[in-house]
Amino acid sequence: MKIYNTLSKQIEEFIPHDGNKVKMYTCGPTVYNYAHIGNLRTYIFEDMLEKGLTYLGYDVTRAMNITDVGHLTSDGDTGEDKMAKGAKREGKTVYEIAEFYTDAFLKDMRSLNIKVPSIIEKASDNIDIYIKMIQKMIDEDYAYISNGNVYFDISKAKDYYQLSGKNPDDLKVGVRDTVEEDKAKRNPADFVLWFTLSKFENQVMKWDSPWGVGYPGWHIECSGINYKVFGEYLDIHCGGVDNIFPHHSNEIAQSEAFVGHKWCNYWCHGAYLNDESGKMSKSKGEFLTVSLLEKKGYSPLDYRYFCLNSHYRNPLVFTYESLDGARNAYKKLKSKVLSLSREGDYQEDKAKQYILQFKDAISSDLNTSLMVTTVYDVLKDEELNDATKYALIEDFDKVLSLDLTKEEKKEVDSDLEAMILSKIEERKEAKKNKDFAKADQIRDELLSQGIKLIDTREGTTYEIQ
């Protein structure tokens, strides 16, 4: 496997620390709102990397954090607390917000056929680990207490700017607007490990610590969870390019200060999904979520196919026109695959060349578009019988995860749909009247007919099983 390493700025052969066992970490979401499709492009790339490595024979263990501890909207330790902002917006507690949007995120992952990591850790469950790490950094003079907060001293970090490639002179106060002077810091770029003086009124998420009641900074969360799950060595760390600085730079600094040696050898980052006006975000334009795409008639796998046709390190521009093109191509591809006969002998010798081609696409810095091209090459090969084509594509789809050999669900005729919608309304009225027994009876009645009701924030939908 060869992959681009952000740390070295070049494509390198991937050599895990322990034989073929791979320790892989991917930065998870901050669960204060729905994930937009720009966020989810990164998770699709990480999913492809995990499945690609597995296909090549590596034994991958992947961990991901859930940031359910409110951290500031600015990496300069300014702005609003995202979790508190979400709670205020919806009139819920921060814990209710965290649970709701964690469930929503995992649902999005499943709808996109993204494998849920085998290890998921909530930031709020690991406060003791952060405190242990921070105390050691204070004891060894990597960190210091000032004005009620605990800061990491970046002057003590080796090669702090190596990952980002940034020039420290360009980050000085006065050079750019995003750097604000904090007189409590020894250096302007020092970052907070622990807040003991909250900048917010009625801060809910607080814990006891040796430095007073407070809460962790954002960056220490990933380092703490990594140490808990994987110990002193990590093979590969992934995330979006917006995480490179300062988040991942800070992770390296504090983790290596704690363990006392080089910590992670490979850093991989996915490029932005842009709209026509620039980087996609939650705060501008139409808030593009998976559920919104579904309401507009797209399948989540239309979007996955759209992403796979571009290299993960290349910025990708989203338009509905381009998604339409991807949807049409995906539908034609799947229809062609499902039309293949399953009968016949498997042509092992002829199939080998395509297996090698597919593996080469994975090994060539995760070239997903070449993986998809390999599927088309198989379909066009007149020397391959249908059974071999089907078997190859079924095998490749372990990585692509496009459900290429999965039969479509049966269409719901208008009479059946009218009956289901009528029952949904009847159940809604029953719940409104607090007749929960009747509501449950309607749900169970439909389920016995193979119709599963799904309650969402926007209302009740259904699927035919």
# chains A, B, ... in the order shown; residues from 1 in each chain; ligands from 1
>>> select_by_dssp(residues="stretch 309-381 of chain A", states="helix (DSSP H, G or I)", output="PyMOL selection string")
chain A and resi 320-338+348-363+368-380
>>> write_last_selection(atoms="C-alpha atoms", output="compact mmCIF listing (two decimals), in the first residue's frame")
# COMPACT_ATOMS: atom_id res chain seq x y z
CA TYR A 320 -27.21 19.09 -8.33
CA GLU A 321 -26.37 18.75 -12.03
CA SER A 322 -23.24 16.75 -11.19
CA LEU A 323 -25.18 14.65 -8.68
CA ASP A 324 -27.80 13.97 -11.36
CA GLY A 325 -25.03 12.69 -13.62
CA ALA A 326 -23.70 10.44 -10.88
CA ARG A 327 -27.18 9.11 -10.08
CA ASN A 328 -27.87 8.23 -13.71
CA ALA A 329 -24.50 6.53 -14.14
CA TYR A 330 -24.91 4.61 -10.89
CA LYS A 331 -28.40 3.40 -11.81
CA LYS A 332 -27.20 2.18 -15.23
CA LEU A 333 -24.21 0.46 -13.66
CA LYS A 334 -26.27 -1.33 -11.04
CA SER A 335 -28.90 -2.34 -13.58
CA LYS A 336 -26.19 -3.85 -15.78
CA VAL A 337 -24.71 -5.80 -12.87
CA LEU A 338 -28.09 -7.14 -11.75
CA GLU A 348 -10.17 -17.96 -12.18
CA ASP A 349 -7.23 -17.32 -14.53
CA LYS A 350 -9.00 -14.53 -16.38
CA ALA A 351 -10.30 -13.01 -13.14
CA LYS A 352 -6.83 -12.69 -11.62
CA GLN A 353 -5.85 -9.75 -13.82
CA TYR A 354 -8.84 -7.74 -12.61
CA ILE A 355 -8.23 -8.58 -8.98
CA LEU A 356 -4.66 -7.34 -9.42
CA GLN A 357 -5.94 -4.21 -11.19
CA PHE A 358 -8.36 -3.51 -8.35
CA LYS A 359 -5.68 -4.05 -5.72
CA ASP A 360 -3.33 -1.78 -7.65
CA ALA A 361 -5.99 0.96 -7.63
CA ILE A 362 -6.28 0.65 -3.84
CA SER A 363 -2.51 0.59 -3.42
CA THR A 368 -11.25 5.21 -6.06
CA SER A 369 -12.05 6.34 -9.60
CA LEU A 370 -9.75 3.61 -10.94
CA MET A 371 -11.53 1.10 -8.71
CA VAL A 372 -14.84 2.09 -10.32
CA THR A 373 -13.21 1.94 -13.77
CA THR A 374 -12.14 -1.63 -13.02
CA VAL A 375 -15.79 -2.57 -12.55
CA TYR A 376 -16.62 -1.14 -15.98
CA ASP A 377 -13.63 -2.94 -17.50
CA VAL A 378 -14.94 -6.23 -16.13
CA LEU A 379 -18.39 -5.61 -17.60
CA LYS A 380 -16.94 -4.79 -21.04
>>> residues_around(residues="stretch 193-196 of chain A", least_positions_apart="3", cutoff="8 Å", atoms="only C-alpha atoms", output="CSV table (one decimal) with N, CA and C atoms, in the first residue's frame")
chain,number,residue,atom,x,y,z
A,134,ILE,N,-2.5,15.6,31.0
A,134,ILE,CA,-2.2,17.0,31.3
A,134,ILE,C,-1.3,17.2,32.5
A,148,GLY,N,-6.0,30.7,35.2
A,148,GLY,CA,-7.1,29.8,35.4
A,148,GLY,C,-7.2,28.7,34.4
A,149,ASN,N,-6.3,28.7,33.3
A,149,ASN,CA,-6.3,27.7,32.3
A,149,ASN,C,-5.0,27.0,32.3
A,150,VAL,N,-5.0,25.8,31.7
A,150,VAL,CA,-3.7,25.0,31.5
A,150,VAL,C,-3.4,25.1,30.0
A,151,TYR,N,-2.2,25.6,29.6
A,151,TYR,CA,-1.8,25.7,28.3
A,151,TYR,C,-0.7,24.8,27.9
A,152,PHE,N,-0.6,24.3,26.6
A,152,PHE,CA,0.5,23.6,26.1
A,152,PHE,C,1.5,24.7,25.6
A,211,TRP,N,-6.7,21.3,39.0
A,211,TRP,CA,-6.5,22.7,38.7
A,211,TRP,C,-7.9,23.5,38.9
A,212,GLY,N,-8.9,22.8,39.4
A,212,GLY,CA,-10.1,23.4,39.7
A,212,GLY,C,-11.2,22.8,38.8
A,213,VAL,N,-12.5,23.1,39.0
A,213,VAL,CA,-13.6,22.6,38.2
A,213,VAL,C,-13.5,23.3,36.8
A,214,GLY,N,-13.6,22.4,35.8
A,214,GLY,CA,-13.5,23.0,34.4
A,214,GLY,C,-13.8,21.9,33.4
A,215,TYR,N,-13.3,22.1,32.2
A,215,TYR,CA,-13.5,21.1,31.1
A,215,TYR,C,-12.4,21.1,30.2
A,216,PRO,N,-12.2,20.0,29.4
A,216,PRO,CA,-11.0,19.9,28.5
A,216,PRO,C,-11.1,20.8,27.3
A,217,GLY,N,-9.9,21.1,26.8
A,217,GLY,CA,-9.8,21.7,25.5
A,217,GLY,C,-10.1,20.7,24.4
A,218,TRP,N,-10.4,21.1,23.2
A,218,TRP,CA,-10.8,20.2,22.2
A,218,TRP,C,-9.7,19.2,21.8
A,219,HIS,N,-8.5,19.7,21.7
A,219,HIS,CA,-7.4,18.9,21.1
A,219,HIS,C,-7.0,17.7,22.0
A,220,ILE,N,-7.1,17.9,23.3
A,220,ILE,CA,-6.6,16.8,24.2
A,220,ILE,C,-7.5,15.6,24.1
>>> closest_residue(among="A:Leu392, A:Ala418, A:Ile129, A:Ile66", to="A:Tyr101", atoms="only C-alpha atoms")
A:Ile66
>>> residues_around(residues="A:Asp125", least_positions_apart="5", cutoff="12 Å", atoms="only C-alpha atoms", output="list in words")
Asn65, Ile66, Thr67, Asp68, Val69, Ile120, Tyr130, Met205, Trp207, Pro216, Glu221, Gly224, Ile225 and Lys228 of chain A
>>> write_last_selection(atoms="C-alpha atoms", output="compact mmCIF listing (two decimals), in the first residue's frame")
# COMPACT_ATOMS: atom_id res chain seq x y z
CA ASN A 65 -14.23 9.83 18.86
CA ILE A 66 -17.59 11.50 19.40
CA THR A 67 -17.02 15.08 20.55
CA ASP A 68 -19.90 15.53 22.95
CA VAL A 69 -18.01 17.99 25.16
CA ILE A 120 -16.26 4.59 19.31
CA TYR A 130 -7.10 13.85 29.84
CA MET A 205 -20.29 20.26 31.20
CA TRP A 207 -15.59 18.24 35.97
CA PRO A 216 -11.00 19.90 28.55
CA GLU A 221 -9.74 14.69 23.56
CA GLY A 224 -6.54 10.93 25.21
CA ILE A 225 -8.84 8.54 23.37
CA LYS A 228 -6.62 4.76 25.86
>>> atom_distance(atom1="atom CA of A:Glu408", atom2="atom CA of A:Leu421")
21.7 Å
>>> closest_residue(among="A:Thr102, A:Ser118, A:Asn226, A:Asn167", to="A:Cys27", atoms="only C-alpha atoms")
A:Asn226
>>> select_by_dssp(residues="stretch 92-306 of chain A", states="strand (DSSP E)", output="ChimeraX atom specification")
/A:119-122,143-146,149-152,191-195,215-216,234-240,264-270,273-275,278-279
>>> write_last_selection(atoms="N, CA and C atoms", output="tab-separated table (two decimals), in the first residue's frame")
chain	number	residue	atom	x	y	z
A	119	ILE	N	-14.49	0.73	17.31
A	119	ILE	CA	-14.34	1.39	18.61
A	119	ILE	C	-14.79	2.84	18.47
A	120	ILE	N	-15.79	3.20	19.25
A	120	ILE	CA	-16.26	4.59	19.31
A	120	ILE	C	-16.20	5.04	20.76
A	121	GLU	N	-15.56	6.17	21.00
A	121	GLU	CA	-15.41	6.68	22.36
A	121	GLU	C	-15.97	8.10	22.45
A	122	LYS	N	-16.84	8.32	23.44
A	122	LYS	CA	-17.34	9.66	23.69
A	122	LYS	C	-16.27	10.47	24.44
A	143	ALA	N	3.60	21.95	29.72
A	143	ALA	CA	2.37	22.71	29.91
A	143	ALA	C	2.51	23.57	31.16
A	144	TYR	N	1.68	24.59	31.23
A	144	TYR	CA	1.75	25.52	32.37
A	144	TYR	C	0.35	26.05	32.67
A	145	ILE	N	0.18	26.52	33.90
A	145	ILE	CA	-1.09	27.08	34.35
A	145	ILE	C	-0.98	28.59	34.34
A	146	SER	N	-1.97	29.22	33.75
A	146	SER	CA	-1.96	30.68	33.68
A	146	SER	C	-3.39	31.19	33.59
A	149	ASN	N	-6.33	28.73	33.34
A	149	ASN	CA	-6.33	27.69	32.31
A	149	ASN	C	-4.99	26.97	32.26
A	150	VAL	N	-4.99	25.77	31.69
A	150	VAL	CA	-3.75	25.03	31.48
A	150	VAL	C	-3.43	25.07	29.99
A	151	TYR	N	-2.23	25.55	29.65
A	151	TYR	CA	-1.82	25.71	28.25
A	151	TYR	C	-0.67	24.77	27.90
A	152	PHE	N	-0.63	24.34	26.65
A	152	PHE	CA	0.55	23.64	26.13
A	152	PHE	C	1.50	24.67	25.55
A	191	PHE	N	-1.89	26.47	23.12
A	191	PHE	CA	-3.31	26.11	23.08
A	191	PHE	C	-3.75	25.54	24.42
A	192	VAL	N	-5.06	25.60	24.65
A	192	VAL	CA	-5.62	25.23	25.95
A	192	VAL	C	-5.78	23.71	26.06
A	193	LEU	N	-5.28	23.16	27.16
A	193	LEU	CA	-5.49	21.76	27.49
A	193	LEU	C	-6.69	21.60	28.44
A	194	TRP	N	-6.87	22.59	29.30
A	194	TRP	CA	-7.96	22.52	30.29
A	194	TRP	C	-8.40	23.93	30.67
A	195	PHE	N	-9.70	24.17	30.61
A	195	PHE	CA	-10.28	25.44	31.06
A	195	PHE	C	-10.78	25.27	32.49
A	215	TYR	N	-13.26	22.07	32.19
A	215	TYR	CA	-13.55	21.14	31.10
A	215	TYR	C	-12.35	21.11	30.15
A	216	PRO	N	-12.19	20.03	29.40
A	216	PRO	CA	-11.00	19.90	28.55
A	216	PRO	C	-11.07	20.76	27.30
A	234	LEU	N	0.39	4.82	17.12
A	234	LEU	CA	-0.73	4.82	16.19
A	234	LEU	C	-0.16	4.74	14.78
A	235	ASP	N	-0.77	3.93	13.91
A	235	ASP	CA	-0.23	3.78	12.56
A	235	ASP	C	-0.70	4.88	11.62
A	236	ILE	N	-1.99	5.15	11.61
A	236	ILE	CA	-2.51	6.09	10.61
A	236	ILE	C	-3.65	6.90	11.21
A	237	HIS	N	-3.57	8.20	11.02
A	237	HIS	CA	-4.56	9.14	11.55
A	237	HIS	C	-5.16	9.89	10.38
A	238	CYS	N	-6.50	9.92	10.32
A	238	CYS	CA	-7.19	10.55	9.19
A	238	CYS	C	-8.09	11.69	9.66
A	239	GLY	N	-8.47	12.51	8.69
A	239	GLY	CA	-9.40	13.61	8.95
A	239	GLY	C	-9.50	14.48	7.72
A	240	GLY	N	-10.24	15.55	7.83
A	240	GLY	CA	-10.34	16.52	6.75
A	240	GLY	C	-9.16	17.47	6.76
A	264	CYS	N	2.74	8.90	15.71
A	264	CYS	CA	1.99	8.42	14.55
A	264	CYS	C	2.79	8.69	13.28
A	265	ASN	N	2.97	7.65	12.46
A	265	ASN	CA	3.82	7.77	11.27
A	265	ASN	C	3.11	8.31	10.03
A	266	TYR	N	1.80	8.07	9.92
A	266	TYR	CA	1.09	8.42	8.68
A	266	TYR	C	-0.14	9.28	8.99
A	267	TRP	N	-0.24	10.37	8.26
A	267	TRP	CA	-1.37	11.29	8.40
A	267	TRP	C	-2.02	11.47	7.04
A	268	CYS	N	-3.31	11.18	6.95
A	268	CYS	CA	-4.02	11.25	5.67
A	268	CYS	C	-5.23	12.18	5.79
A	269	HIS	N	-5.38	13.06	4.81
A	269	HIS	CA	-6.42	14.07	4.89
A	269	HIS	C	-7.22	14.15	3.60
A	270	GLY	N	-8.54	14.24	3.76
A	270	GLY	CA	-9.43	14.39	2.62
A	270	GLY	C	-9.69	15.85	2.32
A	273	LEU	N	-15.24	19.35	0.20
A	273	LEU	CA	-16.33	19.39	-0.77
A	273	LEU	C	-16.77	20.84	-0.83
A	274	ASN	N	-16.71	21.42	-2.01
A	274	ASN	CA	-17.09	22.82	-2.19
A	274	ASN	C	-18.43	22.92	-2.92
A	275	ASP	N	-19.15	23.99	-2.64
A	275	ASP	CA	-20.23	24.34	-3.55
A	275	ASP	C	-19.69	25.39	-4.51
A	278	GLY	N	-17.68	28.15	-2.80
A	278	GLY	CA	-16.53	27.86	-1.93
A	278	GLY	C	-16.82	26.71	-0.99
A	279	LYS	N	-16.04	26.60	0.10
A	279	LYS	CA	-16.14	25.48	1.04
A	279	LYS	C	-17.55	25.37	1.60
>>> atom_distance(atom1="atom CA of A:Ser448", atom2="atom CA of A:Lys406")
23.5 Å
>>> closest_residue(among="A:Asp403, A:Asp153, A:Asp18, A:Asp159", to="A:Ala184", atoms="only C-alpha atoms")
A:Asp153
>>> closest_residue(among="A:Met137, A:Val399, A:Val31, A:Ile154", to="A:Lys115", atoms="only C-alpha atoms")
A:Val399
>>> decode(residues="stretch 358-384 of chain A", atoms="N, CA and C atoms", output="mmCIF file, in the first residue's frame")
data_model
loop_
_atom_site.group_PDB
_atom_site.id
_atom_site.type_symbol
_atom_site.label_atom_id
_atom_site.label_comp_id
_atom_site.auth_asym_id
_atom_site.auth_seq_id
_atom_site.Cartn_x
_atom_site.Cartn_y
_atom_site.Cartn_z
ATOM 1 N N PHE A 358 -7.609 -4.138 -9.442
ATOM 2 C CA PHE A 358 -8.363 -3.514 -8.348
ATOM 3 C C PHE A 358 -7.449 -3.255 -7.153
ATOM 4 N N LYS A 359 -6.625 -4.232 -6.828
ATOM 5 C CA LYS A 359 -5.681 -4.052 -5.716
ATOM 6 C C LYS A 359 -4.688 -2.932 -6.009
ATOM 7 N N ASP A 360 -4.264 -2.837 -7.264
ATOM 8 C CA ASP A 360 -3.332 -1.778 -7.646
ATOM 9 C C ASP A 360 -3.982 -0.410 -7.487
ATOM 10 N N ALA A 361 -5.275 -0.317 -7.796
ATOM 11 C CA ALA A 361 -5.989 0.955 -7.625
ATOM 12 C C ALA A 361 -6.042 1.350 -6.150
ATOM 13 N N ILE A 362 -6.291 0.366 -5.285
ATOM 14 C CA ILE A 362 -6.283 0.647 -3.841
ATOM 15 C C ILE A 362 -4.892 1.088 -3.402
ATOM 16 N N SER A 363 -3.893 0.345 -3.859
ATOM 17 C CA SER A 363 -2.515 0.587 -3.417
ATOM 18 C C SER A 363 -1.949 1.899 -3.936
ATOM 19 N N SER A 364 -2.536 2.444 -4.997
ATOM 20 C CA SER A 364 -2.037 3.683 -5.601
ATOM 21 C C SER A 364 -2.716 4.893 -4.968
ATOM 22 N N ASP A 365 -2.417 5.101 -3.696
ATOM 23 C CA ASP A 365 -2.966 6.229 -2.936
ATOM 24 C C ASP A 365 -4.485 6.264 -2.997
ATOM 25 N N LEU A 366 -5.091 5.083 -2.848
ATOM 26 C CA LEU A 366 -6.537 4.950 -2.765
ATOM 27 C C LEU A 366 -7.237 5.617 -3.955
ATOM 28 N N ASN A 367 -6.940 5.098 -5.139
ATOM 29 C CA ASN A 367 -7.496 5.667 -6.364
ATOM 30 C C ASN A 367 -8.898 5.097 -6.605
ATOM 31 N N THR A 368 -9.893 5.735 -6.000
ATOM 32 C CA THR A 368 -11.255 5.207 -6.057
ATOM 33 C C THR A 368 -11.842 5.257 -7.463
ATOM 34 N N SER A 369 -11.508 6.271 -8.236
ATOM 35 C CA SER A 369 -12.050 6.341 -9.597
ATOM 36 C C SER A 369 -11.536 5.187 -10.447
ATOM 37 N N LEU A 370 -10.282 4.763 -10.214
ATOM 38 C CA LEU A 370 -9.749 3.609 -10.942
ATOM 39 C C LEU A 370 -10.405 2.317 -10.465
ATOM 40 N N MET A 371 -10.790 2.261 -9.202
ATOM 41 C CA MET A 371 -11.533 1.096 -8.712
ATOM 42 C C MET A 371 -12.858 0.968 -9.454
ATOM 43 N N VAL A 372 -13.566 2.096 -9.600
ATOM 44 C CA VAL A 372 -14.840 2.089 -10.319
ATOM 45 C C VAL A 372 -14.610 1.727 -11.786
ATOM 46 N N THR A 373 -13.539 2.264 -12.378
ATOM 47 C CA THR A 373 -13.211 1.944 -13.774
ATOM 48 C C THR A 373 -12.983 0.445 -13.952
ATOM 49 N N THR A 374 -12.378 -0.188 -12.956
ATOM 50 C CA THR A 374 -12.137 -1.635 -13.020
ATOM 51 C C THR A 374 -13.457 -2.407 -13.135
ATOM 52 N N VAL A 375 -14.481 -1.938 -12.442
ATOM 53 C CA VAL A 375 -15.792 -2.570 -12.547
ATOM 54 C C VAL A 375 -16.309 -2.488 -13.988
ATOM 55 N N TYR A 376 -16.179 -1.312 -14.587
ATOM 56 C CA TYR A 376 -16.617 -1.142 -15.982
ATOM 57 C C TYR A 376 -15.784 -2.002 -16.929
ATOM 58 N N ASP A 377 -14.493 -2.103 -16.653
ATOM 59 C CA ASP A 377 -13.626 -2.941 -17.505
ATOM 60 C C ASP A 377 -14.067 -4.402 -17.456
ATOM 61 N N VAL A 378 -14.451 -4.856 -16.274
ATOM 62 C CA VAL A 378 -14.942 -6.232 -16.126
ATOM 63 C C VAL A 378 -16.202 -6.432 -16.963
ATOM 64 N N LEU A 379 -17.127 -5.489 -16.879
ATOM 65 C CA LEU A 379 -18.389 -5.609 -17.600
ATOM 66 C C LEU A 379 -18.188 -5.622 -19.120
ATOM 67 N N LYS A 380 -17.173 -4.899 -19.589
ATOM 68 C CA LYS A 380 -16.943 -4.788 -21.042
ATOM 69 C C LYS A 380 -16.149 -5.950 -21.620
ATOM 70 N N ASP A 381 -15.531 -6.754 -20.767
ATOM 71 C CA ASP A 381 -14.662 -7.834 -21.241
ATOM 72 C C ASP A 381 -15.497 -8.987 -21.802
ATOM 73 N N GLU A 382 -15.452 -9.162 -23.112
ATOM 74 C CA GLU A 382 -16.263 -10.185 -23.768
ATOM 75 C C GLU A 382 -15.733 -11.598 -23.529
ATOM 76 N N GLU A 383 -14.505 -11.711 -23.011
ATOM 77 C CA GLU A 383 -13.938 -13.031 -22.739
ATOM 78 C C GLU A 383 -14.363 -13.571 -21.372
ATOM 79 N N LEU A 384 -14.970 -12.720 -20.575
ATOM 80 C CA LEU A 384 -15.455 -13.152 -19.262
ATOM 81 C C LEU A 384 -16.921 -13.543 -19.360
#
